$ cat model_38.txt   # compact mmCIF, C-alpha atoms and all ligand atoms
# COMPACT_ATOMS: atom_id res chain seq x y z
CA MET L 28 19.42 19.81 -1.47
CA ASN L 29 21.14 16.69 -0.15
CA LEU L 30 19.35 13.68 1.38
CA LEU L 31 19.85 14.84 4.95
CA GLU L 32 18.41 18.24 4.16
CA GLU L 33 15.53 16.56 2.37
CA GLN L 34 14.93 14.43 5.43
CA PHE L 35 14.58 17.47 7.63
CA ASP L 36 12.42 19.06 4.99
CA ILE L 37 10.09 16.06 5.27
CA LEU L 38 10.12 16.31 9.04
CA SER L 39 9.09 19.94 9.03
CA TYR L 40 6.30 19.09 6.60
CA VAL L 41 5.12 16.33 8.91
CA ASN L 42 5.04 18.65 11.90
CA GLN L 43 2.71 20.98 10.06
CA HIS L 44 0.17 18.36 9.08
CA LYS L 45 -1.18 16.42 12.02
CA SER L 46 -4.74 15.26 11.47
CA THR L 47 -7.35 13.48 13.53
CA ASP L 48 -8.93 12.26 10.30
CA GLU L 49 -5.69 10.53 9.40
CA HIS L 50 -5.65 9.12 12.91
CA ARG L 51 -8.95 7.35 12.23
CA LYS L 52 -7.58 6.11 8.94
CA GLU L 53 -4.66 4.50 10.75
CA GLN L 54 -6.86 2.53 13.14
CA ILE L 55 -5.78 -0.99 12.78
CA VAL L 56 -7.52 -4.33 12.94
CA LYS L 57 -6.82 -6.28 16.13
CA GLU L 58 -3.59 -8.18 16.33
CA ASP L 59 -4.94 -11.42 17.69
CA HIS L 60 -7.38 -12.37 14.95
CA GLU L 61 -6.95 -15.30 12.62
CA PRO L 62 -5.19 -14.92 9.26
CA LEU L 63 -6.65 -12.01 7.35
CA VAL L 64 -6.65 -13.63 3.99
CA GLN L 65 -8.30 -16.88 3.13
CA GLN L 66 -8.03 -18.01 -0.45
CA GLN L 67 -11.51 -17.92 -1.97
CA LYS L 68 -10.70 -18.72 -5.55
CA VAL L 69 -12.18 -22.18 -5.70
CA ALA L 70 -15.39 -22.36 -7.73
CA ASP L 71 -15.52 -18.60 -8.17
CA PRO L 72 -16.31 -17.51 -11.77
CA PHE L 73 -14.40 -14.27 -11.20
CA TRP L 74 -11.21 -16.26 -10.85
CA SER L 75 -11.85 -18.38 -13.91
CA GLN L 76 -11.85 -15.09 -15.81
CA ALA L 77 -8.84 -13.75 -13.91
CA SER L 78 -6.63 -16.74 -14.58
CA SER L 79 -6.46 -15.92 -18.29
CA VAL L 80 -5.50 -12.25 -17.75
CA VAL L 81 -1.89 -11.50 -18.70
CA SER L 82 -1.82 -7.69 -18.87
CA LEU L 83 -2.17 -5.11 -16.13
CA GLU L 84 -4.43 -2.96 -18.31
CA GLU L 85 -6.83 -5.84 -18.81
CA TRP L 86 -6.78 -6.59 -15.08
CA LYS L 87 -7.48 -2.95 -14.33
CA LYS L 88 -10.59 -3.02 -16.53
CA ILE L 89 -11.89 -6.11 -14.76
CA CYS L 90 -11.16 -4.74 -11.28
CA ARG L 91 -12.88 -1.45 -12.07
CA GLU L 92 -16.11 -3.37 -12.58
CA CYS L 93 -15.70 -5.26 -9.31
CA ARG L 94 -18.61 -5.29 -6.88
CA ARG L 95 -17.51 -8.28 -4.88
CA CYS L 96 -17.95 -6.59 -1.49
CA SER L 97 -20.14 -3.91 0.05
CA LEU L 98 -17.37 -1.30 0.07
CA ARG L 99 -18.16 -0.59 -3.54
CA GLU L 100 -21.66 0.60 -2.64
CA GLY L 101 -20.39 3.56 -0.64
CA ALA L 102 -17.47 4.44 -2.91
CA CYS L 103 -17.33 6.59 -6.04
CA GLY L 104 -15.35 3.87 -7.74
CA VAL L 105 -12.55 1.34 -7.58
CA VAL L 106 -9.11 2.84 -6.97
CA PHE L 107 -6.97 0.33 -8.80
CA GLY L 108 -3.51 1.80 -8.21
CA GLU L 109 -1.04 3.63 -10.41
CA GLY L 110 2.57 3.92 -11.43
CA ASP L 111 5.01 2.20 -13.72
CA PRO L 112 3.39 -1.09 -14.80
CA ARG L 113 6.88 -2.61 -14.76
CA ALA L 114 8.01 -0.99 -11.51
CA ARG L 115 10.68 -2.74 -9.50
CA LEU L 116 9.44 -1.18 -6.30
CA MET L 117 5.81 -1.29 -5.17
CA PHE L 118 4.20 0.48 -2.19
CA ILE L 119 1.07 -0.96 -0.65
CA GLY L 120 -1.14 1.04 1.69
CA GLU L 121 -4.42 0.32 3.39
CA GLY L 122 -7.28 1.69 1.32
CA PRO L 123 -8.47 4.82 -0.47
CA GLY L 124 -9.53 7.84 1.57
CA GLY L 125 -11.88 10.61 0.54
CA ASP L 126 -9.52 12.38 -1.89
CA GLU L 127 -8.44 9.10 -3.43
CA ASP L 128 -12.04 8.00 -3.86
CA LYS L 129 -13.02 11.25 -5.58
CA LEU L 130 -10.02 11.25 -7.91
CA GLY L 131 -9.76 7.49 -8.45
CA ARG L 132 -6.06 7.57 -7.59
CA PRO L 133 -4.14 6.19 -4.59
CA PHE L 134 -2.27 8.42 -2.12
CA VAL L 135 -3.33 11.83 -3.38
CA GLY L 136 -4.42 13.38 -0.06
CA ARG L 137 -2.14 14.72 2.64
CA ALA L 138 -0.63 11.32 3.32
CA GLY L 139 -0.05 10.96 -0.41
CA HIS L 140 1.73 14.28 -0.61
CA LEU L 141 3.96 13.19 2.21
CA LEU L 142 4.66 9.89 0.46
CA ASN L 143 5.67 11.87 -2.64
CA ARG L 144 8.14 13.86 -0.57
CA ILE L 145 9.56 10.73 1.02
CA LEU L 146 10.03 9.24 -2.45
CA GLU L 147 11.71 12.40 -3.69
CA ALA L 148 14.03 12.44 -0.69
CA ALA L 149 14.96 8.85 -1.50
CA GLY L 150 15.78 9.87 -5.07
CA LEU L 151 12.68 8.35 -6.64
CA GLN L 152 9.96 9.79 -8.81
CA ARG L 153 6.43 8.68 -8.01
CA GLU L 154 6.02 7.64 -11.66
CA GLU L 155 8.80 5.06 -11.45
CA VAL L 156 7.25 3.06 -8.59
CA TYR L 157 3.82 1.49 -8.31
CA ILE L 158 1.35 2.43 -5.57
CA ALA L 159 -1.72 0.43 -4.56
CA ASN L 160 -3.77 -0.49 -1.52
CA ILE L 161 -4.97 -3.61 0.26
CA VAL L 162 -8.59 -2.73 -0.52
CA LYS L 163 -9.53 -0.85 -3.66
CA CYS L 164 -12.71 0.88 -2.52
CA ARG L 165 -12.99 3.47 0.22
CA PRO L 166 -14.23 2.15 3.57
CA PRO L 167 -17.01 4.44 4.84
CA GLY L 168 -15.87 7.23 7.13
CA ASN L 169 -12.23 6.29 6.49
CA ARG L 170 -12.52 3.38 8.91
CA ALA L 171 -10.05 0.51 8.67
CA PRO L 172 -11.15 -2.21 6.24
CA GLN L 173 -12.74 -5.22 7.90
CA ARG L 174 -11.39 -8.70 7.69
CA GLU L 175 -14.02 -9.98 5.23
CA GLU L 176 -13.43 -6.96 2.98
CA ILE L 177 -9.70 -7.59 3.00
CA GLU L 178 -10.21 -11.28 2.28
CA THR L 179 -12.45 -10.46 -0.67
CA CYS L 180 -10.29 -7.75 -2.16
CA PHE L 181 -6.79 -9.00 -1.50
CA PRO L 182 -6.71 -11.55 -4.35
CA LEU L 183 -7.18 -8.61 -6.76
CA LEU L 184 -3.98 -7.11 -5.41
CA GLU L 185 -2.20 -10.44 -5.51
CA LYS L 186 -2.91 -10.70 -9.22
CA GLN L 187 -1.81 -7.09 -9.67
CA ILE L 188 1.51 -7.81 -7.93
CA GLU L 189 1.98 -10.88 -10.12
CA LEU L 190 1.44 -8.82 -13.30
CA ILE L 191 3.72 -5.94 -12.24
CA ASN L 192 6.32 -8.34 -10.89
CA PRO L 193 8.26 -5.93 -8.63
CA LEU L 194 11.52 -6.87 -6.93
CA LEU L 195 10.61 -5.19 -3.66
CA LEU L 196 7.43 -4.44 -1.79
CA VAL L 197 6.95 -1.83 0.92
CA CYS L 198 3.99 -2.22 3.29
CA LEU L 199 2.74 1.15 4.45
CA GLY L 200 1.08 0.62 7.80
CA ALA L 201 -0.25 -2.17 9.93
CA VAL L 202 -3.13 -3.31 7.74
CA ALA L 203 -0.84 -3.96 4.79
CA ALA L 204 1.75 -5.66 7.00
CA LYS L 205 -0.84 -7.86 8.72
CA THR L 206 -2.23 -8.88 5.35
CA LEU L 207 1.02 -9.56 3.53
CA ILE L 208 3.13 -10.86 6.40
CA ARG L 209 1.00 -12.29 9.21
CA SER L 210 -2.06 -11.30 11.15
CA ASN L 211 -0.27 -10.67 14.45
CA PHE L 212 2.48 -8.55 12.90
CA SER L 213 3.26 -5.51 15.05
CA ILE L 214 4.18 -2.54 12.90
CA THR L 215 5.54 -0.73 15.95
CA ARG L 216 7.83 -3.52 17.12
CA GLU L 217 8.70 -5.25 13.86
CA ARG L 218 8.85 -2.55 11.17
CA GLY L 219 12.18 -2.09 9.47
CA THR L 220 12.83 -5.83 9.18
CA TRP L 221 13.00 -7.68 5.89
CA ASN L 222 10.19 -10.12 5.23
CA GLU L 223 9.11 -12.08 2.20
CA PHE L 224 5.90 -12.27 0.21
CA LYS L 225 5.74 -14.96 -2.45
CA GLY L 226 9.45 -14.76 -3.17
CA ARG L 227 9.66 -10.96 -3.07
CA LEU L 228 11.44 -8.96 -0.40
CA LEU L 229 9.07 -6.92 1.68
CA MET L 230 9.77 -4.03 4.04
CA PRO L 231 7.06 -2.95 6.49
CA THR L 232 7.08 0.62 7.69
CA PHE L 233 4.64 3.14 9.10
CA HIS L 234 1.88 4.56 6.95
CA PRO L 235 2.53 8.22 6.00
CA ALA L 236 -0.73 9.04 7.81
CA ALA L 237 0.91 7.85 11.01
CA LEU L 238 3.69 10.38 10.49
CA LEU L 239 1.14 13.13 10.09
CA ARG L 240 -0.26 12.14 13.46
CA ASP L 241 2.96 11.33 15.27
CA PRO L 242 6.17 13.07 14.15
CA SER L 243 8.29 10.71 16.27
CA LYS L 244 7.72 8.10 13.54
CA LYS L 245 9.53 10.19 10.94
CA LYS L 246 13.00 8.94 11.81
CA PRO L 247 12.18 5.20 11.70
CA VAL L 248 10.42 5.64 8.35
CA TRP L 249 13.45 7.34 6.91
CA GLU L 250 15.71 4.57 8.25
CA ASP L 251 13.43 1.97 6.64
CA MET L 252 13.49 3.83 3.34
CA LEU L 253 17.29 3.90 3.38
CA LYS L 254 17.29 0.10 3.75
CA VAL L 255 14.79 -0.19 0.91
CA MET L 256 16.85 2.04 -1.36
CA ASP L 257 20.08 0.17 -0.61
CA ARG L 258 18.48 -3.15 -1.54
CA TYR L 259 16.61 -1.64 -4.48
CA ARG L 260 19.79 -0.30 -6.06
CA GLU L 261 21.60 -3.55 -5.39
CA LEU L 262 18.88 -5.67 -7.02
CA ASP L 263 18.38 -3.18 -9.82
CA GLU L 264 22.07 -3.30 -10.74
CA LYS L 265 22.03 -7.11 -10.75
CA GLU L 266 19.01 -7.12 -13.07
CA ARG L 267 20.46 -4.70 -15.61
S1 LIG L 301 -13.12 -3.27 -2.20
FE1 LIG L 301 -12.20 -4.69 -3.63
S2 LIG L 301 -13.46 -6.52 -3.57
FE2 LIG L 301 -14.67 -4.85 -2.68
S3 LIG L 301 -15.82 -4.05 -4.43
FE3 LIG L 301 -13.96 -2.81 -4.24
S4 LIG L 301 -12.50 -3.79 -5.66
FE4 LIG L 301 -14.16 -5.26 -5.29
$ encode --input "model_38.txt" --output "structure tokens"
Amino acid sequence: MNLLEEQFDILSYVNQHKSTDEHRKEQIVKEDHEPLVQQQKVADPFWSQASSVVSLEEWKKICRECRRCSLREGACGVVFGEGDPRARLMFIGEGPGGDEDKLGRPFVGRAGHLLNRILEAAGLQREEVYIANIVKCRPPGNRAPQREEIETCFPLLEKQIELINPLLLVCLGAVAAKTLIRSNFSITRERGTWNEFKGRLLMPTFHPAALLRDPSKKKPVWEDMLKVMDRYRELDEKER
């Protein structure tokens, strides 16, 4: 099956899987609030410990014990993220849903299955990229994470990105884009444009859950993925 056929295969899959639950999951924080992330590392013992961590496995162990915000109380556990610890391409979503919370893995529900198919269509295996979320514990009722929760959890992801050291980041959805790019970022108007996060190229696109809800987003996501893959191959070749 060629890429075009795969694309249409994805689209037919999307059409079959619209979900109101995923719609709730995609509810986004308001666009006009102040910056989502304030650095809170000063005088925090957690960060004294974190500064000496040099391996992803060690960081994972520390994060799994995290109870720094109330999200942990309602969650089965911390969903750290998964994939190649040396991945060149990293996908960042919003937060774990019910399936992810139960299994302790990111993107394993319907949106996750769709992400897998998008990756396959782009010629990638899930195992060769890294997948994580802005917050690592499931917000109750699949609501969008609140600003304070994002502020508390985001430094854990920042450290994770630093340890994985990917060439490219892909923001899946508005929460990730507002956190990594700027708080008034509009995923609808500004997706598909290259941005930068701490020296890494970053592409914002729609969350797979948004495609499940609205099939008209399938084409722009595919266009964004083509841009990502072009740049990924280019950078990958330079690095080898
Ligand atoms: S959401 Fe993040 S900060 Fe809050 S308890 Fe879970 S891992 Fe810790």
$ closest_residue --input "model_38.txt" --among "L:Leu229, L:Leu83, L:Leu142, L:Leu98" --to "Lys254 (chain L)" --atoms "all atoms listed in the file"
L:Leu229
$ residues_near_point --input "model_38.txt" --point "(6.1, 4.5, -13.0)" --cutoff "7 Å" --atoms "all atoms listed in the file" --output "JSON, numbers by chain"
{"L": [110, 111, 112, 114, 153, 154, 155, 156, 157]}
$ residues_near_point --input "model_38.txt" --point "(9.3, -6.5, -13.6)" --cutoff "9 Å" --atoms "all atoms listed in the file" --output "PyMOL selection string"
chain L and resi 112-115+190-194
$ atom_distance --input "model_38.txt" --atom1 "CA of Arg132 (chain L)" --atom2 "CA of Gly104 (chain L)"
10.0 Å
$ residues_near_ligand --input "model_38.txt" --ligand "ligand LIG 301 (chain L)" --cutoff "12 Å" --atoms "all atoms listed in the file" --output "PyMOL selection string"
chain L and resi 67+73+86-108+121-123+128+131+159-167+171-185+187
$ closest_residue --input "model_38.txt" --among "L:Arg170, L:Arg137, L:Arg216, L:Lys186" --to "Leu238 (chain L)" --atoms "all atoms listed in the file"
L:Arg137
$ closest_residue --input "model_38.txt" --among "L:Gly200, L:Gly125, L:Pro247, L:Pro235" --to "Asn143 (chain L)" --atoms "all atoms listed in the file"
L:Pro235
$ closest_residue --input "model_38.txt" --among "L:Leu195, L:Leu239, L:Val248, L:Leu151" --to "Thr215 (chain L)" --atoms "only C-alpha atoms"
L:Val248
$ atom_distance --input "model_38.txt" --atom1 "CA of Ser213 (chain L)" --atom2 "CA of Leu141 (chain L)"
22.7 Å
